[in-house]
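Trainee: Take a look at this one; I'll ask things after.
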Amino acid sequence: MKKIEEGHQLVNISKAISRLLRIIAVFLIVACQSSETTKLVEEPTESSTRKFTKVRLEQVDSIMIDVIGNLEVYDYDAETGLFLAGDIARERMIYMGGGGPKFNELGHMVIDRNGEIVEQFNRSDKGPEGFGGKAADNFFLGGKSIGVLNAKGLHQYGLDGTFLKKYKGLNILDASVGVTFGGFIAGDDAGMLAMALPKWNNEEDSVNEVPKPLRFYNLKRFETGYEPVTDFTVKKYGYPDHHVFAPDSKFANGLSPKVSLNDITDELQVLYTEIPYLDIYDMSTGDLMKRMDLKPDHFRDLVEMGEVKGGTLGYEQLAWINKGGRFANSTYLLLIQLGEYTLTMYSTGLPSEELSRLINSPEKIGKNEEWPSTRRKHYKFYYQLFKDGEKVVPDFQLPVFDPQEGQAEFTQYNKTRGVLIGGDGLDKLYVYVPNDGDEERDYELIRVYKLQLTQE
């Protein structure tokens with residue numbers, strides 16, 4: 001296998017230039033217009049230089065990792081060129097014994113772009129410096145440490161596993177069961193942390209009010225890690241003003257907003273899965289800079305949850321979800337950075353007639369004879385590519401990542417075949433390919449793709 005070349009050497013210079021340009025831009029805006037006339041919501045503009053119409057995907061390399069296990073790749077840091085991976089059990093998941101997958105045997109691993117495991121440690125114990133074995137998210141806190149978040153708090157470790165600090169109040173204990181695994185928390189080297197959970201039930205945010213899921217913290221203000229988090233909350237934001245987030249709504253939401261940190265601009269991007277808006281924040285201050293309307297070409301209007309015949313009394317809507325209700329709506333499922341570019345992905349949702357047949361069928365999705373043709377025809381994934389507020393190409397598909405009949409992802413509304421991790425630019429998109437019965441190997445594999453924009 002070819003080895004990955006060393007990454008960009010001028011990232012810090014690029015970041016400094018980018019920040020300088022942002023300061024100049026802010027100065028010009030203030031000088032030319034008052035705050036009353038400044039629009040918060042911006043529409044993506046088209047490139048004024050070239051009109052790209054299509055995206056061609058090409059595999060250019062592979063990264064072979066000499067390990068076997070129940071591996072997942074959690075995060076990628078473009079500045080250091082390091083991947084964070086491991087086999088950590090997921091928070092709030094119930095695991096049955098027997099011949100199922102095993103967890104916490106590999107622990108956490110830090111892997112470079114050559115596939116070399118540069119650090120490996122296991123802190124899954126229940127001791128004072130362990131995180132207890134389960135995690136809701138594993139992520140890089142900047143380029144120098146690792147965060148492990150669960151119901152017991154945020155645990156911070158060095159890249160080599162050295163215990164640094166535990167922030168007890170930063171946890172998912174008060175979050176709703178709708179919290180998704182991974183992709184809802186980000187931190188930088190300056191100690192700023194952003195967390196986006198679906199619901200908070202505490203003294204500040206009553207369960208009868210619209211909660212504030214997005215919060216910014218300054219970790220460097222903590223001395224012991226056991227202080228009240230409210231003392232170190234820099235900013236907090238509620239849900240966007242949209243009917244899907246109303247307290248009495250019957251939409252199948254409750255999923256964690258997705259976050260992504262642009263290391264070049266030090267901007268945090270937040271994507272609420274149910275609506276096509278991208279909020280952009282200054283990571284250093286937590287200030288909301290702008291909201292961009294993503295204008296997806298194939299986004300279906302949201303459908304309220306229904307009921308399923310034969311569902312347990314009081315749990316009809318849960319039965320609706322379990323029978324395939326989440327296939328009803330278009331949902332944003334991916335938000336990652338490719339250098340200066342932002343890549344999103346959303347699903348199309350099923351038409352009402354096909355959804356009704358799916359929901360009311362006595363068989364599960366995997367046993368439903370109509371499901372393969374229904375999915376191939378109606379349920380698709382579309383990608384969007386943005387740079388500097390511009391939508392650089394019309395929404396496009398990447399069929400190579402579409403799950404096929406017989407693969408585990410084929411009956412899941414939110415899974416592609418391969419996990420898109422992030423990248424260094426359009427020429428380096430990293431995709432982790434699972435090592436399972438469909439593609440069994442004696443090593444783990446990350447494929448490297450190039451996104452080529454064309455005018456065809």
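Quick note on naming: the chains in the structure tokens go A, B, ... in the order shown, residues restart at 1 in each chain, and ligands are numbered from 1 in order of appearance.
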Could you pull out the strand (DSSP E or B) residues of range 385-423 of chain A from DSSP and send them as a list in words?
Mentor: Leu385, Phe386, Lys387, Glu390, Lys391, Phe396, Val419, Leu420, Ile421, Gly422 and Gly423 of chain A
Trainee: Applying 10 Å and only C-alpha atoms, which residues near Leu214 in chain A remain after dropping the ones on its own chain fewer than 4 positions away? List them as number ranges by chain.
Mentor: A: 184-185, 194-200, 235-239, 256-257, 259, 270, 286
Trainee: Using only C-alpha atoms, which of the listed residues (A:Ala151, A:Leu420, A:Leu261, A:Ile336) sits closest to Glu72 in chain A?
Mentor: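 Going through A:Ala151, A:Leu420, A:Leu261, A:Ile336 one by one, the smallest distance to Glu72 in chain A is for A:Leu420.
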Trainee: CA of Tyr76 in chain A and CA of Glu274 in chain A, how far apart in Å?
Mentor: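 Straight-line distance from CA of Glu274 in chain A to CA of Tyr76 in chain A works out to 25.2 Å.
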Trainee: Can you list every residue in range 299-401 of chain A that DSSP puts in helix (DSSP H, G or I), as a count of residues only?
Mentor: 34
Trainee: Distance CA of His155 in chain A-CA of Glu91 in chain A, one decimal place?
Mentor: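 So the two atoms, CA of His155 in chain A and CA of Glu91 in chain A, lie 14.0 Å apart.
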Trainee: Show me, as CSV, the residues of range 336-379 of chain A having an atom within 9 Å of range 298-302 of chain A, each with the closest atom pair and its distance in Å, using only C-alpha atoms.
Mentor:
```
residue,atom,partner,partner_atom,distance
A:Tyr346,CA,A:Phe299,CA,7.7
A:Ser347,CA,A:Phe299,CA,7.4
A:Thr348,CA,A:Phe299,CA,5.6
A:Gly349,CA,A:Arg300,CA,6.2
A:Leu350,CA,A:Arg300,CA,8.4
A:Pro351,CA,A:Arg300,CA,8.7
```
Trainee: Name all residues at most 8 Å from range 100-109 of chain A (count only C-alpha atoms; drop same-chain ones fewer than 5 positions away) and give them as a list in words.
Mentor: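 The residues satisfying every condition are Gly69, Asn70, Leu84, Ala85, Gly86, Asp87, Ile88, Ala89, Ile117, Val118, Glu119, Gln120, Phe121, Asn122, Arg123, Ser124 and Gly133 of chain A.
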